[in-house]
Amino acid sequence: MKFYSPYPIVRIVVVFMVCCFAMVLNVNAQSYYNVLKYGAKNDSSKLATIAIKKAIDAASKAGGGTVYFPAGKYLTGAIHLKSNITIFIDAGAELHFSDNFDDYLPMVKSRYEGVDVTSFSPLFYAYEADNIAIKGRGIIDGHGKKWWDFVEGYKEGQPRSKWQHQFDTLNKDILMPDEPKQMKRGFLRPPFIQTMYCKNVLIEGITIRNSPFWTVNPEFCENVTVHAVTINNPGSFAPNTDGINPESCKNVHISDCHISVGDDCITIKSGKDAPGRKMAAPAENYTITNCTMLSGHGGVVIGSEMSGDVRKITISNCVFDGTDRGIRIKSARGRGGVVEEIRVDNIIMKNIGQQAIVLDLQYAKSIVEPVSERTPRFRNIHFSNITGQVNQAAYLNGLEEMPIENISFNDINMDAKTGFDIHNSSRIEFHNVQVNTEIGPSVKVENVNMLTVNGLKSYSPHKNSAVIDLKNVTDAFIYNSFPVAGTEIYLKIIGEKSKNITLGNNNFSHAKTPVLTAREVTEGVRVISGDSIK
């Protein structure tokens, strides 16, 4: 069809617009670099590593573009991204990574469990690259079993492999963590996707399976988005195959992901021991939302490598179904670092094998030591709107020399075998919390200063235990309680350090023994107006 106008200026404008549109189409077409055109085979009959590198180099030379994998199966070794490169794995496309360890040489600068090393190249790797993406509806498979078997079958003292000798040569001067066993072994499985010192990283839509080690592992990156990704690593058969581990990054957004793995589903880290404190690169400004997590040691975990600090983290609108734990924050003496400003809200937990919530500063065995840069700290952490069917509601365990501080639980509803178990903490608050246990107290507290319990409920009181059990607790305020019929003991207070326990606005008419106090309590219970005691 020809266009005609009696006005020449209109014809000129239309022709100009058509030409511009054609140029745009041409530019967009040129920005796609189909790996088949660079020698890759989509029947997995030939290693495509070199062909993929050629496509990436061509796109990079042009200023950037999309390296495109149409439907089919590809066999490849390590893929190294450059700035302004998008890897697009289309629906029906599968990238199968070789299990030949030599395909991940030469070794590159990396980070392994919070320690900076030179080791095997990650399967996808980028270093100091900006504006990079791995996306699509296809599958990437790490074929990790050979990596898992090597580590699981390794015996101390056996002859060192060529890869271990190469690691030894390249890592003579690395700063060791307190426990250097892995570093001395010298065979460190590579992460599946590791981007280091990058900006504007996007991982979206793809399905990832069988990672050799940690799966999505940005390090020292800024502005990272992981969206609508499915990660499947085969449970206990795939050791240490965490799902998403953004370490020492800023501005991380994780959303709409489905994760089932052989370790923790999502883990936030910032370096380990002295190596982590030397880098002093915190993990900060993370949002995690709308994710489902199935098999895994933990749903969302912070630590234990948190020596560079973790702060300003929100976790919301997630479902944990079948993980060993729900939210777990863990550290130990020697780590140092601070975990603070954490918000967890609107969470459903079901079939949790151990605790729904863990805050543990004694994750590894150690002895009391003076407070120093080696002393970790947890503070300003808040949980709200959580529903759970779990083995244990929560476990909080601070250090004698560094209590966990300023923790709150708001609008919590748990059915659990055992309830909250809290030690070595300060400024702990419960507001509108319901905990129905199979055995023992709903809340058990020991060596805690400044405890607030507002409206705690239990619909499953037990004959031989109190609903609230306090030992060596100072400055507690318990109010707005209404024990149900059949409650034998609502509040038990023991310990020679227990003092200043105040009750207010409680209705104890259904409690056979509202308060049971041991003789060694130094200062008795003070009841203010409004309480009703039978």
# chains A, B, ... in the order shown; residues from 1 in each chain; ligands from 1
$ select_by_dssp --residues "segment 54-110 of chain A" --states "helix (DSSP H, G or I)" --output "CSV table (one decimal) with all heavy atoms, in the first residue's frame"
chain,number,residue,atom,x,y,z
A,54,LYS,N,32.3,-16.1,22.5
A,54,LYS,CA,32.3,-15.2,21.3
A,54,LYS,C,31.1,-14.4,21.2
A,54,LYS,O,31.2,-13.2,20.8
A,54,LYS,CB,32.4,-16.1,20.1
A,54,LYS,CG,33.8,-16.8,19.9
A,54,LYS,CD,33.8,-17.7,18.6
A,54,LYS,CE,35.1,-18.3,18.4
A,54,LYS,NZ,35.1,-19.2,17.2
A,55,ALA,N,29.9,-14.9,21.5
A,55,ALA,CA,28.7,-14.1,21.5
A,55,ALA,C,28.8,-13.0,22.5
A,55,ALA,O,28.4,-11.8,22.2
A,55,ALA,CB,27.5,-15.0,21.8
A,56,ILE,N,29.3,-13.3,23.7
A,56,ILE,CA,29.4,-12.2,24.8
A,56,ILE,C,30.4,-11.2,24.3
A,56,ILE,O,30.1,-10.0,24.5
A,56,ILE,CB,29.8,-12.9,26.1
A,56,ILE,CG1,28.6,-13.7,26.7
A,56,ILE,CG2,30.2,-11.8,27.1
A,56,ILE,CD1,29.0,-14.5,27.9
A,57,ASP,N,31.5,-11.6,23.8
A,57,ASP,CA,32.5,-10.6,23.3
A,57,ASP,C,31.9,-9.7,22.2
A,57,ASP,O,32.2,-8.5,22.2
A,57,ASP,CB,33.8,-11.3,22.8
A,57,ASP,CG,34.5,-12.0,23.9
A,57,ASP,OD1,34.3,-11.6,25.1
A,57,ASP,OD2,35.4,-12.8,23.7
A,58,ALA,N,31.2,-10.3,21.3
A,58,ALA,CA,30.6,-9.5,20.2
A,58,ALA,C,29.6,-8.5,20.7
A,58,ALA,O,29.6,-7.3,20.3
A,58,ALA,CB,29.9,-10.4,19.2
A,59,ALA,N,28.8,-8.9,21.7
A,59,ALA,CA,27.8,-8.0,22.3
A,59,ALA,C,28.5,-6.9,23.0
A,59,ALA,O,28.1,-5.7,22.9
A,59,ALA,CB,26.9,-8.8,23.2
A,60,SER,N,29.6,-7.3,23.8
A,60,SER,CA,30.3,-6.3,24.5
A,60,SER,C,31.0,-5.3,23.6
A,60,SER,O,31.0,-4.1,23.9
A,60,SER,CB,31.3,-7.0,25.4
A,60,SER,OG,32.1,-6.1,26.2
A,61,LYS,N,31.5,-5.7,22.5
A,61,LYS,CA,32.2,-4.8,21.6
A,61,LYS,C,31.2,-3.8,21.0
A,61,LYS,O,31.6,-2.7,20.7
A,61,LYS,CB,32.9,-5.7,20.5
A,61,LYS,CG,33.7,-4.8,19.5
A,61,LYS,CD,34.4,-5.7,18.5
A,61,LYS,CE,35.2,-4.9,17.5
A,61,LYS,NZ,35.9,-5.8,16.5
A,101,PHE,N,35.9,-30.7,36.2
A,101,PHE,CA,36.4,-29.6,37.0
A,101,PHE,C,37.3,-28.7,36.2
A,101,PHE,O,37.4,-27.5,36.5
A,101,PHE,CB,37.1,-30.1,38.3
A,101,PHE,CG,36.3,-31.0,39.2
A,101,PHE,CD1,36.9,-31.9,40.0
A,101,PHE,CD2,34.9,-30.9,39.2
A,101,PHE,CE1,36.2,-32.7,40.9
A,101,PHE,CE2,34.2,-31.7,40.0
A,101,PHE,CZ,34.8,-32.6,40.9
A,102,ASP,N,38.0,-29.2,35.2
A,102,ASP,CA,38.9,-28.4,34.4
A,102,ASP,C,38.2,-27.3,33.6
A,102,ASP,O,38.8,-26.3,33.2
A,102,ASP,CB,39.7,-29.3,33.5
A,102,ASP,CG,40.7,-30.2,34.2
A,102,ASP,OD1,41.1,-29.8,35.3
A,102,ASP,OD2,41.1,-31.2,33.6
A,103,ASP,N,36.9,-27.5,33.4
A,103,ASP,CA,36.1,-26.5,32.7
A,103,ASP,C,35.9,-25.2,33.5
A,103,ASP,O,35.2,-24.3,33.0
A,103,ASP,CB,34.8,-27.1,32.2
A,103,ASP,CG,35.0,-28.1,31.1
A,103,ASP,OD1,36.0,-28.0,30.3
A,103,ASP,OD2,34.2,-29.1,30.9
A,104,TYR,N,36.4,-25.2,34.8
A,104,TYR,CA,36.2,-24.0,35.6
A,104,TYR,C,37.5,-23.5,36.0
A,104,TYR,O,37.7,-22.8,37.1
A,104,TYR,CB,35.3,-24.4,36.8
A,104,TYR,CG,34.0,-25.0,36.3
A,104,TYR,CD1,33.8,-26.3,36.1
A,104,TYR,CD2,33.0,-24.1,35.9
A,104,TYR,CE1,32.6,-26.8,35.5
A,104,TYR,CE2,31.8,-24.6,35.3
A,104,TYR,CZ,31.7,-26.0,35.1
A,104,TYR,OH,30.5,-26.4,34.5
$ residues_around --residues "segment 75-84 of chain A" --least-positions-apart "4" --cutoff "8 Å" --atoms "only C-alpha atoms" --output "PyMOL selection string"
chain A and resi 44-49+52-53+56+60+63-65+95-98+103-104+121-127+129-132
$ residues_around --residues "Ala280 of chain A" --least-positions-apart "3" --cutoff "9 Å" --atoms "only C-alpha atoms" --output "PDB file with C-alpha atoms, in the first residue's frame"
ATOM      1  CA  SER A 248      28.000  -7.825  51.676  1.00  0.00           C
ATOM      2  CA  SER A 270      28.744 -10.270  55.332  1.00  0.00           C
ATOM      3  CA  GLY A 271      32.023 -12.118  55.786  1.00  0.00           C
ATOM      4  CA  PRO A 275      38.551 -11.744  56.936  1.00  0.00           C
ATOM      5  CA  GLY A 276      35.012 -10.344  57.173  1.00  0.00           C
ATOM      6  CA  ARG A 277      35.965  -7.628  59.655  1.00  0.00           C
ATOM      7  CA  SER A 307      31.295 -10.137  60.639  1.00  0.00           C
ATOM      8  CA  GLY A 308      30.845  -7.103  58.386  1.00  0.00           C
ATOM      9  CA  ASP A 309      27.392  -6.269  59.903  1.00  0.00           C
ATOM     10  CA  GLY A 337      29.705  -7.700  63.691  1.00  0.00           C
TER      11      GLY A 337
END
$ residues_around --residues "His431 of chain A" --least-positions-apart "2" --cutoff "9 Å" --atoms "only C-alpha atoms" --output "JSON, numbers by chain"
{"A": [408, 409, 410, 411, 412, 429, 433, 452, 453, 454, 455, 456]}
$ closest_residue --among "A:Asn391, A:Asn397, A:Ser384, A:Ser316" --to "Asp360 of chain A" --atoms "only C-alpha atoms"
A:Asn397
$ closest_atom_pairs --of "segment 228-266 of chain A" --to "segment 194-215 of chain A" --cutoff "9 Å" --atoms "only C-alpha atoms" --output "tab-separated table"
residue	atom	partner	partner_atom	distance
A:Ala228	CA	A:Gly205	CA	4.9
A:Val229	CA	A:Gly205	CA	4.8
A:Thr230	CA	A:Thr207	CA	4.6
A:Ile231	CA	A:Ile208	CA	4.8
A:Asn232	CA	A:Arg209	CA	4.7
A:Asn233	CA	A:Asn210	CA	4.9
A:Pro234	CA	A:Asn210	CA	7.0
A:Ala238	CA	A:Asn210	CA	7.6
A:Pro239	CA	A:Phe213	CA	7.5
A:Asn240	CA	A:Phe213	CA	5.8
A:Thr241	CA	A:Phe213	CA	4.6
A:Asp242	CA	A:Trp214	CA	4.7
A:Gly243	CA	A:Thr215	CA	5.1
A:Ile244	CA	A:Thr215	CA	6.1
A:Asn245	CA	A:Trp214	CA	7.0
A:Cys249	CA	A:Tyr197	CA	8.8
A:Cys257	CA	A:Gly205	CA	8.8
A:Val261	CA	A:Arg209	CA	9.0
A:Asp263	CA	A:Trp214	CA	8.9
$ closest_residue --among "A:Gly495, A:Gly114, A:Gly322, A:Pro403" --to "Met183 of chain A" --atoms "only C-alpha atoms"
A:Gly114
$ atom_distance --atom1 "atom CA of Glu128 of chain A" --atom2 "atom CA of Cys221 of chain A"
8.8 Å
$ closest_residue --among "A:Thr169, A:Thr66, A:Ser465, A:Gln362" --to "Ile404 of chain A" --atoms "only C-alpha atoms"
A:Gln362
$ closest_residue --among "A:Ile439, A:Ala274, A:Cys318, A:Cys265" --to "Ile288 of chain A" --atoms "only C-alpha atoms"
A:Cys318
$ closest_residue --among "A:Tyr490, A:Phe378, A:Tyr479, A:Phe192" --to "Pro441 of chain A" --atoms "only C-alpha atoms"
A:Tyr490
$ residues_around --residues "Ile494 of chain A" --least-positions-apart "4" --cutoff "7 Å" --atoms "only C-alpha atoms" --output "list in words"
Leu470, Lys471, Asn472, Ser498, Thr517, Ala518 and Val521 of chain A
$ decode --residues "segment 24-60 of chain A" --atoms "N, CA and C atoms" --output "PDB file, in the first residue's frame"
ATOM      1  N   VAL A  24      15.050   1.475  14.493  1.00  0.00           N
ATOM      2  CA  VAL A  24      14.867   0.911  15.842  1.00  0.00           C
ATOM      3  C   VAL A  24      14.766  -0.609  15.777  1.00  0.00           C
ATOM      4  N   LEU A  25      13.961  -1.109  14.806  1.00  0.00           N
ATOM      5  CA  LEU A  25      13.831  -2.550  14.656  1.00  0.00           C
ATOM      6  C   LEU A  25      15.173  -3.191  14.353  1.00  0.00           C
ATOM      7  N   ASN A  26      15.956  -2.536  13.516  1.00  0.00           N
ATOM      8  CA  ASN A  26      17.254  -3.075  13.136  1.00  0.00           C
ATOM      9  C   ASN A  26      18.194  -3.109  14.328  1.00  0.00           C
ATOM     10  N   VAL A  27      18.181  -2.028  15.128  1.00  0.00           N
ATOM     11  CA  VAL A  27      19.032  -1.981  16.320  1.00  0.00           C
ATOM     12  C   VAL A  27      18.640  -3.090  17.287  1.00  0.00           C
ATOM     13  N   ASN A  28      17.310  -3.264  17.497  1.00  0.00           N
ATOM     14  CA  ASN A  28      16.861  -4.306  18.413  1.00  0.00           C
ATOM     15  C   ASN A  28      17.252  -5.683  17.910  1.00  0.00           C
ATOM     16  N   ALA A  29      17.132  -5.888  16.585  1.00  0.00           N
ATOM     17  CA  ALA A  29      17.510  -7.176  16.018  1.00  0.00           C
ATOM     18  C   ALA A  29      19.005  -7.408  16.197  1.00  0.00           C
ATOM     19  N   GLN A  30      19.797  -6.365  15.981  1.00  0.00           N
ATOM     20  CA  GLN A  30      21.236  -6.506  16.125  1.00  0.00           C
ATOM     21  C   GLN A  30      21.649  -6.736  17.568  1.00  0.00           C
ATOM     22  N   SER A  31      20.828  -6.308  18.553  1.00  0.00           N
ATOM     23  CA  SER A  31      21.226  -6.432  19.947  1.00  0.00           C
ATOM     24  C   SER A  31      21.072  -7.853  20.473  1.00  0.00           C
ATOM     25  N   TYR A  32      20.439  -8.748  19.698  1.00  0.00           N
ATOM     26  CA  TYR A  32      20.337 -10.148  20.063  1.00  0.00           C
ATOM     27  C   TYR A  32      21.468 -10.926  19.385  1.00  0.00           C
ATOM     28  N   TYR A  33      22.199 -11.692  20.196  1.00  0.00           N
ATOM     29  CA  TYR A  33      23.329 -12.463  19.700  1.00  0.00           C
ATOM     30  C   TYR A  33      23.025 -13.937  19.943  1.00  0.00           C
ATOM     31  N   ASN A  34      22.502 -14.574  18.917  1.00  0.00           N
ATOM     32  CA  ASN A  34      22.096 -15.966  19.013  1.00  0.00           C
ATOM     33  C   ASN A  34      23.328 -16.852  19.073  1.00  0.00           C
ATOM     34  N   VAL A  35      23.458 -17.633  20.136  1.00  0.00           N
ATOM     35  CA  VAL A  35      24.681 -18.425  20.320  1.00  0.00           C
ATOM     36  C   VAL A  35      24.866 -19.469  19.222  1.00  0.00           C
ATOM     37  N   LEU A  36      23.758 -19.860  18.550  1.00  0.00           N
ATOM     38  CA  LEU A  36      23.890 -20.823  17.450  1.00  0.00           C
ATOM     39  C   LEU A  36      24.714 -20.240  16.305  1.00  0.00           C
ATOM     40  N   LYS A  37      24.615 -18.932  16.117  1.00  0.00           N
ATOM     41  CA  LYS A  37      25.376 -18.282  15.041  1.00  0.00           C
ATOM     42  C   LYS A  37      26.861 -18.197  15.354  1.00  0.00           C
ATOM     43  N   TYR A  38      27.218 -18.446  16.613  1.00  0.00           N
ATOM     44  CA  TYR A  38      28.635 -18.376  17.012  1.00  0.00           C
ATOM     45  C   TYR A  38      29.226 -19.757  17.246  1.00  0.00           C
ATOM     46  N   GLY A  39      28.473 -20.802  16.816  1.00  0.00           N
ATOM     47  CA  GLY A  39      29.032 -22.154  16.848  1.00  0.00           C
ATOM     48  C   GLY A  39      28.482 -23.068  17.921  1.00  0.00           C
ATOM     49  N   ALA A  40      27.566 -22.594  18.764  1.00  0.00           N
ATOM     50  CA  ALA A  40      26.993 -23.458  19.795  1.00  0.00           C
ATOM     51  C   ALA A  40      26.048 -24.477  19.157  1.00  0.00           C
ATOM     52  N   LYS A  41      25.957 -25.650  19.746  1.00  0.00           N
ATOM     53  CA  LYS A  41      25.033 -26.681  19.307  1.00  0.00           C
ATOM     54  C   LYS A  41      23.936 -26.836  20.369  1.00  0.00           C
ATOM     55  N   ASN A  42      22.681 -26.871  19.919  1.00  0.00           N
ATOM     56  CA  ASN A  42      21.581 -26.990  20.876  1.00  0.00           C
ATOM     57  C   ASN A  42      21.088 -28.416  21.027  1.00  0.00           C
ATOM     58  N   ASP A  43      21.989 -29.380  20.735  1.00  0.00           N
ATOM     59  CA  ASP A  43      21.685 -30.790  21.003  1.00  0.00           C
ATOM     60  C   ASP A  43      22.675 -31.361  22.008  1.00  0.00           C
ATOM     61  N   SER A  44      23.399 -30.490  22.706  1.00  0.00           N
ATOM     62  CA  SER A  44      24.409 -30.832  23.721  1.00  0.00           C
ATOM     63  C   SER A  44      25.493 -31.760  23.191  1.00  0.00           C
ATOM     64  N   SER A  45      25.716 -31.754  21.886  1.00  0.00           N
ATOM     65  CA  SER A  45      26.719 -32.639  21.292  1.00  0.00           C
ATOM     66  C   SER A  45      28.126 -32.056  21.348  1.00  0.00           C
ATOM     67  N   LYS A  46      28.223 -30.788  21.726  1.00  0.00           N
ATOM     68  CA  LYS A  46      29.524 -30.111  21.693  1.00  0.00           C
ATOM     69  C   LYS A  46      29.572 -29.077  22.807  1.00  0.00           C
ATOM     70  N   LEU A  47      30.704 -28.981  23.471  1.00  0.00           N
ATOM     71  CA  LEU A  47      30.872 -27.980  24.509  1.00  0.00           C
ATOM     72  C   LEU A  47      30.772 -26.588  23.888  1.00  0.00           C
ATOM     73  N   ALA A  48      29.875 -25.755  24.439  1.00  0.00           N
ATOM     74  CA  ALA A  48      29.573 -24.455  23.821  1.00  0.00           C
ATOM     75  C   ALA A  48      30.297 -23.300  24.497  1.00  0.00           C
ATOM     76  N   THR A  49      31.236 -23.582  25.373  1.00  0.00           N
ATOM     77  CA  THR A  49      31.881 -22.523  26.148  1.00  0.00           C
ATOM     78  C   THR A  49      32.485 -21.442  25.256  1.00  0.00           C
ATOM     79  N   ILE A  50      33.239 -21.857  24.239  1.00  0.00           N
ATOM     80  CA  ILE A  50      33.914 -20.883  23.363  1.00  0.00           C
ATOM     81  C   ILE A  50      32.887 -20.108  22.543  1.00  0.00           C
ATOM     82  N   ALA A  51      31.865 -20.783  22.042  1.00  0.00           N
ATOM     83  CA  ALA A  51      30.836 -20.107  21.245  1.00  0.00           C
ATOM     84  C   ALA A  51      30.112 -19.058  22.081  1.00  0.00           C
ATOM     85  N   ILE A  52      29.804 -19.393  23.320  1.00  0.00           N
ATOM     86  CA  ILE A  52      29.120 -18.437  24.202  1.00  0.00           C
ATOM     87  C   ILE A  52      30.024 -17.251  24.481  1.00  0.00           C
ATOM     88  N   LYS A  53      31.304 -17.512  24.697  1.00  0.00           N
ATOM     89  CA  LYS A  53      32.255 -16.406  24.923  1.00  0.00           C
ATOM     90  C   LYS A  53      32.311 -15.498  23.702  1.00  0.00           C
ATOM     91  N   LYS A  54      32.297 -16.066  22.511  1.00  0.00           N
ATOM     92  CA  LYS A  54      32.328 -15.244  21.296  1.00  0.00           C
ATOM     93  C   LYS A  54      31.081 -14.356  21.213  1.00  0.00           C
ATOM     94  N   ALA A  55      29.933 -14.908  21.542  1.00  0.00           N
ATOM     95  CA  ALA A  55      28.702 -14.123  21.505  1.00  0.00           C
ATOM     96  C   ALA A  55      28.758 -12.984  22.526  1.00  0.00           C
ATOM     97  N   ILE A  56      29.258 -13.274  23.728  1.00  0.00           N
ATOM     98  CA  ILE A  56      29.379 -12.235  24.756  1.00  0.00           C
ATOM     99  C   ILE A  56      30.366 -11.167  24.321  1.00  0.00           C
ATOM    100  N   ASP A  57      31.494 -11.573  23.757  1.00  0.00           N
ATOM    101  CA  ASP A  57      32.498 -10.607  23.299  1.00  0.00           C
ATOM    102  C   ASP A  57      31.939  -9.716  22.191  1.00  0.00           C
ATOM    103  N   ALA A  58      31.183 -10.308  21.279  1.00  0.00           N
ATOM    104  CA  ALA A  58      30.601  -9.523  20.180  1.00  0.00           C
ATOM    105  C   ALA A  58      29.608  -8.504  20.721  1.00  0.00           C
ATOM    106  N   ALA A  59      28.770  -8.934  21.661  1.00  0.00           N
ATOM    107  CA  ALA A  59      27.808  -8.011  22.253  1.00  0.00           C
ATOM    108  C   ALA A  59      28.513  -6.907  23.021  1.00  0.00           C
ATOM    109  N   SER A  60      29.555  -7.281  23.759  1.00  0.00           N
ATOM    110  CA  SER A  60      30.297  -6.291  24.542  1.00  0.00           C
ATOM    111  C   SER A  60      30.979  -5.272  23.631  1.00  0.00           C
TER     112      SER A  60
END
